[in-house]
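Asker: Coordinates in upload-v9.csv, CSV, C-alpha atoms, are listed below.
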```csv
chain,number,residue,atom,x,y,z
A,1403,MET,CA,-23.5,-14.5,-8.8
A,1404,SER,CA,-20.2,-13.2,-7.4
A,1405,PHE,CA,-17.6,-11.3,-9.5
A,1406,SER,CA,-15.1,-14.1,-8.9
A,1407,PHE,CA,-17.6,-16.7,-10.3
A,1408,LYS,CA,-18.1,-14.6,-13.4
A,1409,VAL,CA,-14.3,-14.5,-14.0
A,1410,LYS,CA,-14.0,-18.2,-13.6
A,1411,SER,CA,-17.0,-18.9,-15.9
A,1412,GLU,CA,-15.4,-16.7,-18.6
A,1413,LEU,CA,-11.9,-18.3,-18.2
A,1414,SER,CA,-13.4,-21.8,-18.3
A,1415,ARG,CA,-14.8,-21.0,-21.8
A,1416,HIS,CA,-11.3,-20.0,-23.0
A,1417,GLN,CA,-10.2,-22.2,-25.8
A,1418,GLU,CA,-6.6,-23.2,-26.1
A,1419,ASP,CA,-5.4,-24.8,-29.4
A,1420,PRO,CA,-1.7,-25.5,-28.7
A,1421,ARG,CA,-1.2,-28.6,-26.6
A,1422,HIS,CA,1.6,-27.0,-24.6
A,1423,CYS,CA,-0.7,-24.3,-23.4
A,1424,MET,CA,-3.3,-26.9,-22.4
A,1425,LEU,CA,-0.7,-28.7,-20.4
A,1426,ALA,CA,0.3,-25.5,-18.6
A,1427,GLU,CA,-3.3,-24.7,-17.8
A,1428,MET,CA,-4.0,-28.2,-16.6
A,1429,ALA,CA,-0.9,-28.1,-14.4
A,1430,GLY,CA,-2.1,-24.8,-12.9
A,1431,ILE,CA,-5.5,-26.4,-11.9
A,1432,MET,CA,-3.9,-29.5,-10.5
A,1433,ASN,CA,-1.3,-27.7,-8.4
A,1434,MET,CA,-4.0,-25.5,-6.9
A,1435,CYS,CA,-6.9,-27.9,-6.2
A,1436,GLY,CA,-5.5,-31.3,-7.1
A,1437,GLN,CA,-4.3,-34.1,-4.9
A,1438,ILE,CA,-1.9,-36.8,-6.0
A,1439,THR,CA,-1.8,-40.0,-3.8
A,1440,VAL,CA,0.8,-42.7,-4.1
A,1441,ILE,CA,-0.3,-46.1,-2.5
A,1442,GLN,CA,2.0,-49.0,-3.0
A,1443,GLN,CA,3.6,-47.3,-6.0
A,1444,LYS,CA,0.1,-46.8,-7.6
A,1445,VAL,CA,-0.7,-43.2,-8.3
A,1446,CYS,CA,-4.2,-41.6,-8.4
A,1447,VAL,CA,-5.0,-38.0,-9.4
A,1448,LYS,CA,-8.0,-36.2,-7.8
A,1449,VAL,CA,-9.2,-32.7,-8.6
A,1450,GLN,CA,-11.9,-31.2,-6.4
A,1451,THR,CA,-13.8,-28.0,-7.0
A,1452,GLU,CA,-17.2,-26.4,-6.2
A,1453,ASN,CA,-17.3,-24.7,-9.6
A,1454,ALA,CA,-19.0,-26.8,-12.3
A,1455,ALA,CA,-17.4,-24.7,-15.0
A,1456,VAL,CA,-13.9,-25.4,-13.7
A,1457,ALA,CA,-14.8,-29.2,-13.4
A,1458,ARG,CA,-15.9,-29.2,-17.1
A,1459,LYS,CA,-12.8,-27.3,-18.1
A,1460,TYR,CA,-10.4,-29.7,-16.4
A,1461,PHE,CA,-12.3,-32.7,-17.8
A,1462,THR,CA,-12.1,-31.2,-21.3
A,1463,LEU,CA,-8.4,-30.5,-21.0
A,1464,VAL,CA,-7.6,-34.0,-19.9
A,1465,LYS,CA,-9.8,-35.5,-22.7
A,1466,LYS,CA,-8.3,-33.3,-25.5
A,1467,THR,CA,-4.7,-33.6,-24.4
A,1468,PHE,CA,-4.4,-37.3,-23.5
A,1469,ASN,CA,-7.8,-38.8,-24.6
A,1470,ILE,CA,-8.4,-39.7,-21.0
A,1471,ASP,CA,-11.9,-39.7,-19.5
A,1472,SER,CA,-11.9,-38.6,-15.9
A,1473,GLU,CA,-14.3,-40.2,-13.4
A,1474,VAL,CA,-16.7,-37.6,-12.2
A,1475,LEU,CA,-18.2,-37.7,-8.7
A,1476,ILE,CA,-20.7,-35.2,-7.3
A,1477,ARG,CA,-21.1,-34.8,-3.6
A,1478,ARG,CA,-23.0,-32.4,-1.4
A,1479,ASN,CA,-20.8,-30.0,0.6
A,1480,THR,CA,-21.4,-30.9,4.3
A,1481,GLN,CA,-20.5,-27.4,5.4
A,1482,LEU,CA,-22.5,-25.5,2.8
A,1483,LYS,CA,-25.5,-27.6,2.1
A,1484,LYS,CA,-26.5,-25.7,-1.0
A,1485,ASN,CA,-23.2,-26.2,-2.8
A,1486,ARG,CA,-22.1,-29.3,-4.7
A,1487,VAL,CA,-18.5,-30.5,-4.8
A,1488,TYR,CA,-17.2,-32.0,-8.1
A,1489,ILE,CA,-14.5,-34.6,-7.8
A,1490,LEU,CA,-12.6,-35.7,-10.9
A,1491,LEU,CA,-10.5,-38.9,-10.7
A,1492,VAL,CA,-7.9,-40.3,-13.1
A,1493,ARG,CA,-6.9,-43.8,-12.3
A,1494,GLY,CA,-4.8,-46.4,-14.1
A,1495,ALA,CA,-1.1,-46.5,-14.0
A,1496,HIS,CA,-0.5,-45.7,-17.6
A,1497,GLN,CA,-3.0,-42.9,-17.8
A,1498,VAL,CA,-1.9,-41.3,-14.6
A,1499,GLU,CA,1.8,-41.5,-15.5
A,1500,LYS,CA,1.2,-39.8,-18.9
A,1501,LEU,CA,-0.8,-37.0,-17.2
A,1502,LEU,CA,1.6,-36.3,-14.4
A,1503,THR,CA,4.9,-36.8,-16.3
A,1504,ALA,CA,3.7,-34.4,-19.0
A,1505,THR,CA,2.8,-31.7,-16.4
A,1506,GLY,CA,5.9,-32.3,-14.3
A,1507,LEU,CA,4.0,-33.2,-11.2
A,1508,ILE,CA,5.9,-36.4,-10.5
A,1509,TYR,CA,9.4,-37.6,-11.0
A,1510,THR,CA,11.2,-40.9,-10.5
A,1511,HIS,CA,14.3,-41.4,-8.5
A,1512,GLU,CA,15.9,-44.8,-7.9
A,1513,HIS,CA,12.8,-46.5,-9.1
A,1514,LYS,CA,10.6,-44.6,-6.7
A,1515,ILE,CA,7.9,-42.2,-7.6
A,1516,TYR,CA,7.8,-38.7,-5.9
A,1517,VAL,CA,5.2,-36.0,-6.0
A,1518,ALA,CA,6.4,-32.5,-7.0
A,1519,ASN,CA,4.0,-29.7,-6.1
A,1520,ARG,CA,5.8,-27.2,-8.3
A,1521,ILE,CA,5.8,-25.3,-11.5
A,1522,TYR,CA,7.5,-27.5,-14.0
A,1523,PRO,CA,9.9,-25.1,-15.9
A,1524,LEU,CA,9.5,-26.9,-19.2
A,1525,ILE,CA,5.7,-26.1,-19.4
A,1526,VAL,CA,6.1,-22.4,-18.8
A,1527,GLN,CA,8.9,-21.5,-21.2
A,1528,SER,CA,6.8,-19.4,-23.6
A,1529,THR,CA,4.7,-16.4,-22.7
A,1530,CYS,CA,1.5,-18.0,-23.9
A,1531,CYS,CA,2.1,-21.0,-21.6
A,1532,LYS,CA,2.8,-18.7,-18.6
A,1533,ARG,CA,-0.5,-17.0,-19.2
A,1534,ALA,CA,-2.2,-20.4,-19.5
A,1535,TYR,CA,-0.6,-21.6,-16.2
A,1536,ILE,CA,-1.8,-18.5,-14.3
A,1537,ARG,CA,-5.3,-18.9,-15.8
A,1538,GLY,CA,-5.3,-22.5,-14.6
A,1539,ALA,CA,-4.1,-21.5,-11.1
A,1540,PHE,CA,-6.9,-19.0,-10.8
A,1541,LEU,CA,-9.5,-21.5,-11.9
A,1542,GLY,CA,-8.1,-24.0,-9.3
A,1543,GLY,CA,-7.6,-21.7,-6.3
A,1544,GLY,CA,-8.1,-18.1,-7.2
A,1545,SER,CA,-10.7,-15.5,-6.2
A,1546,LEU,CA,-11.5,-11.9,-6.9
A,1547,SER,CA,-13.4,-9.6,-4.5
A,1548,ASP,CA,-16.3,-7.5,-5.5
A,1549,PRO,CA,-14.6,-4.5,-7.1
A,1550,GLU,CA,-17.5,-2.3,-5.9
A,1551,LYS,CA,-16.2,-2.8,-2.4
A,1552,THR,CA,-12.5,-3.4,-2.7
A,1553,TYR,CA,-9.7,-4.4,-5.2
A,1554,HIS,CA,-8.3,-7.8,-4.1
A,1555,LEU,CA,-7.3,-10.8,-6.2
A,1556,GLU,CA,-5.7,-13.8,-4.7
A,1557,PHE,CA,-4.5,-17.4,-5.2
A,1558,VAL,CA,-4.8,-19.7,-2.1
A,1559,ASN,CA,-2.5,-22.7,-1.9
A,1560,PRO,CA,-1.2,-24.9,1.0
A,1561,ALA,CA,2.3,-25.3,-0.5
A,1562,TYR,CA,4.7,-22.5,0.2
A,1563,ASP,CA,7.3,-23.4,-2.5
A,1564,HIS,CA,4.6,-23.5,-5.2
A,1565,SER,CA,3.2,-20.1,-4.0
A,1566,VAL,CA,6.6,-18.5,-4.3
A,1567,GLU,CA,7.0,-19.9,-7.8
A,1568,LEU,CA,3.5,-18.6,-8.7
A,1569,GLN,CA,4.4,-15.2,-7.3
A,1570,GLN,CA,7.5,-15.1,-9.4
A,1571,LEU,CA,5.7,-16.2,-12.5
A,1572,ILE,CA,3.0,-13.5,-12.1
A,1573,ASN,CA,5.7,-10.9,-11.5
A,1574,THR,CA,7.4,-11.7,-14.8
A,1575,PHE,CA,4.6,-9.7,-16.3
A,1576,GLY,CA,5.6,-6.6,-14.4
A,1577,MET,CA,3.2,-7.2,-11.4
A,1578,ASP,CA,4.0,-6.7,-7.8
A,1579,ALA,CA,2.3,-9.8,-6.3
A,1580,LYS,CA,2.9,-10.5,-2.6
A,1581,ILE,CA,2.6,-13.5,-0.3
A,1582,VAL,CA,1.0,-13.8,3.1
A,1583,GLU,CA,0.2,-16.8,5.3
A,1584,ARG,CA,-3.4,-17.3,6.3
A,1585,LYS,CA,-4.8,-20.3,8.3
A,1586,LYS,CA,-2.1,-22.7,7.2
A,1587,HIS,CA,-2.3,-21.6,3.6
A,1588,PHE,CA,-0.3,-19.3,1.6
A,1589,VAL,CA,-2.0,-16.5,-0.3
A,1590,VAL,CA,-0.5,-14.8,-3.4
A,1591,TYR,CA,-2.3,-11.6,-3.9
A,1592,LEU,CA,-2.7,-8.3,-5.7
A,1593,LYS,CA,-4.4,-5.2,-4.3
A,1594,GLU,CA,-3.9,-2.6,-7.0
A,1595,GLY,CA,-6.9,-2.1,-9.3
A,1596,GLU,CA,-4.7,-1.4,-12.3
A,1597,GLN,CA,-2.6,-4.5,-11.7
A,1598,ILE,CA,-5.7,-6.7,-11.3
A,1599,VAL,CA,-6.9,-5.4,-14.7
A,1600,ASP,CA,-3.6,-6.3,-16.2
A,1601,LEU,CA,-3.7,-9.8,-14.7
A,1602,LEU,CA,-7.3,-10.3,-16.0
A,1603,ASN,CA,-5.9,-9.4,-19.5
A,1604,ILE,CA,-3.0,-11.8,-19.1
A,1605,MET,CA,-5.4,-14.7,-18.2
A,1606,GLY,CA,-7.7,-13.8,-21.0
A,1607,ALA,CA,-10.8,-12.6,-19.0
A,1608,HIS,CA,-11.5,-9.7,-21.3
A,1609,MET,CA,-15.2,-9.4,-20.5
A,1610,ALA,CA,-14.5,-9.3,-16.8
A,1611,LEU,CA,-11.7,-6.8,-17.5
A,1612,MET,CA,-14.2,-4.4,-19.2
A,1613,ASP,CA,-16.7,-4.8,-16.3
A,1614,LEU,CA,-13.9,-4.0,-13.8
A,1615,GLU,CA,-12.8,-1.0,-15.8
A,1616,ASN,CA,-16.3,0.3,-15.9
A,1617,ILE,CA,-16.6,-0.1,-12.2
A,1618,ARG,CA,-13.2,1.6,-11.6
A,1619,ILE,CA,-14.3,4.6,-13.8
A,1620,LEU,CA,-17.6,5.0,-11.9
A,1621,LYS,CA,-15.8,4.7,-8.6
A,1622,ASP,CA,-13.3,7.3,-9.6
A,1623,MET,CA,-16.0,9.7,-10.8
A,1624,ARG,CA,-17.9,9.2,-7.5
A,1625,ASN,CA,-14.7,9.8,-5.6
A,1626,ASN,CA,-14.0,13.0,-7.6
A,1627,VAL,CA,-17.5,14.3,-7.1
A,1628,ASN,CA,-17.3,13.6,-3.4
A,1629,ARG,CA,-13.9,15.4,-3.1
A,1630,ILE,CA,-15.4,18.4,-5.0
A,1631,VAL,CA,-18.5,18.4,-2.8
A,1632,ASN,CA,-16.4,18.1,0.4
A,1633,CYS,CA,-14.1,20.8,-0.7
A,1634,GLU,CA,-17.0,23.1,-1.6
A,1635,THR,CA,-18.7,22.3,1.7
A,1636,ALA,CA,-15.5,23.0,3.6
A,1637,ASN,CA,-15.1,26.3,1.8
A,1638,LEU,CA,-18.7,27.2,2.5
A,1639,ASN,CA,-18.4,26.4,6.2
A,1640,LYS,CA,-15.2,28.4,6.3
A,1641,THR,CA,-17.0,31.4,4.6
A,1642,VAL,CA,-20.0,31.1,7.0
A,1643,SER,CA,-17.7,30.9,10.0
A,1644,ALA,CA,-15.8,34.0,8.8
A,1645,SER,CA,-19.0,35.8,8.2
A,1646,VAL,CA,-20.3,35.0,11.6
A,1647,LYS,CA,-17.1,36.2,13.2
A,1648,GLN,CA,-17.2,39.4,11.2
A,1649,MET,CA,-20.8,40.1,12.3
A,1650,GLU,CA,-19.8,39.5,15.9
A,1651,ASP,CA,-17.0,42.0,15.6
A,1652,ILE,CA,-19.3,44.6,14.0
A,1653,ARG,CA,-21.9,44.0,16.7
A,1654,TYR,CA,-19.3,44.5,19.4
A,1655,ILE,CA,-18.2,47.8,17.9
A,1656,HIS,CA,-21.8,48.9,17.6
A,1657,ASP,CA,-22.6,48.1,21.2
A,1658,THR,CA,-19.4,49.7,22.6
A,1659,VAL,CA,-18.2,52.7,20.7
A,1660,GLY,CA,-20.6,52.9,17.8
A,1661,ILE,CA,-20.1,52.3,14.1
A,1662,GLN,CA,-19.5,56.1,13.5
A,1663,TYR,CA,-16.1,56.0,15.2
A,1664,LEU,CA,-14.7,53.7,12.4
A,1665,PRO,CA,-12.8,55.3,9.6
A,1666,ASP,CA,-14.9,56.0,6.4
A,1667,VAL,CA,-13.6,53.0,4.4
A,1668,LEU,CA,-14.1,50.6,7.3
A,1669,ARG,CA,-17.5,52.0,8.1
A,1670,GLU,CA,-18.7,51.5,4.5
A,1671,THR,CA,-17.4,47.9,4.6
A,1672,THR,CA,-19.1,47.3,7.9
A,1673,GLN,CA,-22.4,48.7,6.6
A,1674,MET,CA,-22.3,46.5,3.5
A,1675,ARG,CA,-21.5,43.4,5.6
A,1676,ILE,CA,-24.5,44.2,7.9
A,1677,GLN,CA,-26.7,44.5,4.8
A,1678,PHE,CA,-25.3,41.4,3.0
A,1679,PRO,CA,-24.0,39.0,5.7
A,1680,GLU,CA,-24.2,35.9,3.4
A,1681,VAL,CA,-22.2,37.1,0.3
A,1682,SER,CA,-18.5,36.2,-0.3
A,1683,LEU,CA,-15.7,38.7,0.1
A,1684,LYS,CA,-15.4,39.0,-3.7
A,1685,GLU,CA,-19.1,39.9,-4.0
A,1686,LEU,CA,-18.9,42.3,-1.0
A,1687,GLY,CA,-15.9,44.1,-2.6
A,1688,SER,CA,-17.8,44.6,-5.9
A,1689,MET,CA,-20.6,46.4,-4.0
A,1690,LEU,CA,-18.3,49.0,-2.5
A,1691,ASN,CA,-17.7,52.4,-4.1
A,1692,PRO,CA,-15.2,52.3,-5.6
A,1693,PRO,CA,-15.1,48.5,-5.9
A,1694,VAL,CA,-12.4,46.7,-4.0
A,1695,GLY,CA,-10.8,43.3,-4.6
A,1696,LYS,CA,-11.2,40.3,-2.4
A,1697,SER,CA,-7.8,40.8,-0.7
A,1698,GLY,CA,-8.7,44.5,-0.1
A,1699,VAL,CA,-12.0,43.5,1.6
A,1700,ASN,CA,-10.2,40.9,3.7
A,1701,HIS,CA,-7.6,43.5,4.7
A,1702,ARG,CA,-10.3,45.9,5.9
A,1703,LEU,CA,-12.1,43.2,7.9
A,1704,ARG,CA,-8.8,42.2,9.5
A,1705,LYS,CA,-8.4,45.8,10.6
A,1706,ILE,CA,-11.9,45.7,12.1
A,1707,SER,CA,-11.0,42.5,14.0
A,1708,MET,CA,-7.9,44.2,15.3
A,1709,ILE,CA,-9.9,47.2,16.5
A,1710,VAL,CA,-12.2,44.8,18.4
A,1711,GLU,CA,-9.3,43.0,20.0
A,1712,ASN,CA,-7.9,46.4,21.2
A,1713,LEU,CA,-11.4,47.4,22.4
A,1714,ARG,CA,-11.7,44.3,24.5
A,1715,LYS,CA,-8.3,45.0,26.1
A,1716,ASP,CA,-9.1,48.6,26.7
A,1717,ARG,CA,-12.6,49.8,26.1
A,1718,GLY,CA,-11.4,53.4,26.4
A,1719,GLY,CA,-10.2,54.0,22.8
A,1720,LEU,CA,-9.7,52.9,19.2
A,1721,SER,CA,-6.4,52.2,17.5
```
Taking this structure as input, can you express it in the form of structure tokens?

Answerer:
Amino acid sequence: MSFSFKVKSELSRHQEDPRHCMLAEMAGIMNMCGQITVIQQKVCVKVQTENAAVARKYFTLVKKTFNIDSEVLIRRNTQLKKNRVYILLVRGAHQVEKLLTATGLIYTHEHKIYVANRIYPLIVQSTCCKRAYIRGAFLGGGSLSDPEKTYHLEFVNPAYDHSVELQQLINTFGMDAKIVERKKHFVVYLKEGEQIVDLLNIMGAHMALMDLENIRILKDMRNNVNRIVNCETANLNKTVSASVKQMEDIRYIHDTVGIQYLPDVLRETTQMRIQFPEVSLKELGSMLNPPVGKSGVNHRLRKISMIVENLRKDRGGLS
């Protein structure tokens, strides 16, 4: 079961008591996955979905709001043989007119009926109705990627004007939804995990919200652990590389002029490094007599490195 399916299943169980909110949610579903056909001034409403929960939700909304029973057809998806397609039809001039007029999806001009694929302003006046419309839009054409992999929530719709209105509606809640065109459709999307959590809260998907938050926390913890491990690994590699370089310098001095030619403090540091090649500079300094800090040990080793550079230039003397 995909994460998107879980969200839709939860949203489809959401109960709306006020009629105005049910109208808004119904309009959101119809604008995203509905089709309104006008043949010889006779209008038919068809909603098509592969999600049984969404089909039940739409059927219930139409029944509760208008006392209309939708015809339900179930067909096998020819492209994905395992999936069923649920088609809900509302026929009859009087019933269809009530449904579409209330949701603002048709209007009459000079005795002709026109379809308006838009967000009817009167049904999203209040905040609760805006939430309901967004919830319906997600049920009708929304999806959410697996948050274990990436954060991406989107609404796919063929109508550009409606997509712009949906984007603006979502952004009234402080979101930063964007639009992109994809395969002759327009996609309203969010990619920030925090904003997706907020939108789930707006739609009323509180269980999915908690699941997503848990995943975000675990991912953040894993990322922090990985950063710490990578940092420690980098520091360890740096320490090992420095130690190898120091041992090479000491070996070069030993093979050319001998360790005894180094000043006392450098000779002591050199002998300790030979004895303990794997310890850090801080640990190395604590073993000296008297103890020396990390910066002091580093200063001595840099001096040794400079001596080696000079020896390589002129093997006749020390500086």

Asker: Find the distance between atom CA of A:Thr1510 and atom CA of A:Thr1439 and write it in Å to one decimal.

Answerer: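 Going from atom CA of A:Thr1510 over to atom CA of A:Thr1439, I get 14.7 Å.
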
Asker: Need the shell around A:Ser1682: protein/DNA/RNA residues with any atom at most 10 Å away, counting all atoms listed in the file. Skip same-chain ones fewer than 4 positions apart. Format as a PyMOL selection string?

Answerer: chain A and resi 1638+1641-1642+1644-1645+1675+1678+1686-1687+1696+1699

Asker: Give me, as number ranges by chain, all polymer residues having an atom no more than 12 Å from stretch 1559-1563 of chain A, counting only C-alpha atoms and skipping those fewer than 6 positions away in the same chain.

Answerer: A: 1430-1437, 1518-1521, 1539-1540, 1542-1545, 1569-1570, 1581-1591

Asker: Once you have the residues from the selection above, write them out as a short mmCIF file (atom, residue, chain, number, x, y, z; two decimals), keeping the file's coordinate frame, restricted to C-alpha atoms.

Answerer:
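New file result06.cif:
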```
data_model
loop_
_atom_site.label_atom_id
_atom_site.label_comp_id
_atom_site.auth_asym_id
_atom_site.auth_seq_id
_atom_site.Cartn_x
_atom_site.Cartn_y
_atom_site.Cartn_z
CA GLY A 1430 -2.10 -24.80 -12.90
CA ILE A 1431 -5.50 -26.40 -11.90
CA MET A 1432 -3.90 -29.50 -10.50
CA ASN A 1433 -1.30 -27.70 -8.40
CA MET A 1434 -4.00 -25.50 -6.90
CA CYS A 1435 -6.90 -27.90 -6.20
CA GLY A 1436 -5.50 -31.30 -7.10
CA GLN A 1437 -4.30 -34.10 -4.90
CA ALA A 1518 6.40 -32.50 -7.00
CA ASN A 1519 4.00 -29.70 -6.10
CA ARG A 1520 5.80 -27.20 -8.30
CA ILE A 1521 5.80 -25.30 -11.50
CA ALA A 1539 -4.10 -21.50 -11.10
CA PHE A 1540 -6.90 -19.00 -10.80
CA GLY A 1542 -8.10 -24.00 -9.30
CA GLY A 1543 -7.60 -21.70 -6.30
CA GLY A 1544 -8.10 -18.10 -7.20
CA SER A 1545 -10.70 -15.50 -6.20
CA GLN A 1569 4.40 -15.20 -7.30
CA GLN A 1570 7.50 -15.10 -9.40
CA ILE A 1581 2.60 -13.50 -0.30
CA VAL A 1582 1.00 -13.80 3.10
CA GLU A 1583 0.20 -16.80 5.30
CA ARG A 1584 -3.40 -17.30 6.30
CA LYS A 1585 -4.80 -20.30 8.30
CA LYS A 1586 -2.10 -22.70 7.20
CA HIS A 1587 -2.30 -21.60 3.60
CA PHE A 1588 -0.30 -19.30 1.60
CA VAL A 1589 -2.00 -16.50 -0.30
CA VAL A 1590 -0.50 -14.80 -3.40
CA TYR A 1591 -2.30 -11.60 -3.90
#
```

Asker: Kindly indicate which residue among A:Ile1676, A:Ala1426, A:Met1708, A:Val1681 lies nearest to A:Arg1653, using only C-alpha atoms for the distances.

Answerer: A:Ile1676

Asker: Between atom CA of A:Arg1537 and atom CA of A:Met1605, what is the distance in Å, rounded to a tenth?

Answerer: 4.8 Å

Asker: Which residue out of A:Met1612, A:Leu1690, A:Leu1668, A:Ala1636 has the minimum interatomic distance to A:Arg1704 when all atoms listed in the file are used?

Answerer: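 Nearest candidate to A:Arg1704 out of A:Met1612, A:Leu1690, A:Leu1668, A:Ala1636: A:Leu1668.
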
Asker: Which residues, written as a list in words, have at least one atom at most 10 Å from A:Val1526, with only C-alpha atoms counted and residues fewer than 6 positions away on the same chain left out?

Answerer: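 After dropping sequence-adjacent residues, the list is His1422, Cys1423, Leu1425, Ala1426, Glu1427, Lys1532, Arg1533, Ala1534, Tyr1535, Ile1536 and Leu1571 of chain A.
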
Asker: Of the residues A:Glu1452, A:Asp1419, A:Asp1657, A:Glu1650, which is the one nearest to A:Pro1679, using only C-alpha atoms?

Answerer: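 With only C-alpha atoms as the atom set, the closest residue is A:Glu1650.
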
Asker: In Å, rounded to a single decimal, give me how far atom CA of A:Ser1697 is from atom CA of A:Val1659.

Answerer: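 Result for atom CA of A:Val1659 versus atom CA of A:Ser1697: 26.6 Å, one decimal.
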
Asker: Do you know which residues are at most 12 Å from A:Val1447 counting all atoms listed in the file, after dropping those on the same chain fewer than 5 positions away, and could you put them as a VMD selection string?

Answerer: chain A and resid 1429 1431 to 1433 1435 to 1441 1464 1472 to 1473 1489 to 1495 1497 to 1502 1507 to 1508 1517

Asker: Could you tell me, as a PyMOL selection string, which residues have any atom at most 12 Å from (-12.7, 47.4, 2.1), counting all atoms listed in the file?

Answerer: chain A and resi 1665-1675+1683-1706

Asker: Would you mind listing what lies within 12 Å of A:Ala1579 as a list in words, with all atoms listed in the file counted and same-chain residues fewer than 3 positions away left out?

Answerer: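 After dropping sequence-adjacent residues, the list is His1554, Leu1555, Glu1556, Phe1557, Ser1565, Val1566, Glu1567, Leu1568, Gln1569, Gln1570, Leu1571, Ile1572, Asn1573, Thr1574, Phe1575, Gly1576, Val1582, Val1589, Val1590, Tyr1591, Leu1592, Lys1593, Glu1594, Gln1597, Ile1598 and Leu1601 of chain A.
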
Asker: Using only C-alpha atoms, what does the table of stretch 1490-1604 of chain A residues within 12 Å of stretch 1614-1626 of chain A look like, with each row giving the shortest atom pair and its distance in Å to one decimal, sorted by chain and ascending number, as CSV?

Answerer:
```
residue,atom,partner,partner_atom,distance
A:Leu1546,CA,A:Leu1614,CA,10.8
A:Ser1547,CA,A:Leu1614,CA,10.9
A:Asp1548,CA,A:Leu1614,CA,9.3
A:Pro1549,CA,A:Leu1614,CA,6.8
A:Glu1550,CA,A:Ile1617,CA,6.7
A:Lys1551,CA,A:Lys1621,CA,9.7
A:Thr1552,CA,A:Arg1618,CA,10.2
A:Tyr1553,CA,A:Arg1618,CA,9.4
A:His1554,CA,A:Leu1614,CA,11.8
A:Glu1594,CA,A:Arg1618,CA,11.2
A:Gly1595,CA,A:Arg1618,CA,7.7
A:Glu1596,CA,A:Glu1615,CA,8.8
A:Gln1597,CA,A:Leu1614,CA,11.5
A:Ile1598,CA,A:Leu1614,CA,9.0
A:Val1599,CA,A:Leu1614,CA,7.2
A:Asp1600,CA,A:Glu1615,CA,10.6
A:Leu1601,CA,A:Leu1614,CA,11.8
A:Leu1602,CA,A:Leu1614,CA,9.4
A:Asn1603,CA,A:Leu1614,CA,11.2
```

Asker: With all atoms listed in the file as the basis for distance, which of A:Gln1450, A:Ser1528, A:Thr1462, A:Ser1404 is at the shortest distance from A:Gln1417?

Answerer: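 Among the listed residues, the smallest separation from A:Gln1417 belongs to A:Thr1462.
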
Asker: From the options A:Ala1457, A:Met1424, A:Val1710, A:Ile1655, which residue's atoms come nearest to A:Leu1541, counting all atoms listed in the file?

Answerer: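 Looking only at the distances to A:Leu1541, the closest residue turns out to be A:Ala1457.
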
Asker: Take every atom of stretch 1655-1673 of chain A listed in the file, pad by 6 Å on each side, and give me the axis-aligned box centre and edge lengths in Å, one decimal, as AutoDock Vina command-line options.

Answerer:
```
--center_x -17.7 --center_y 51.7 --center_z 13.5 --size_x 21.8 --size_y 20.8 --size_z 30.2
```
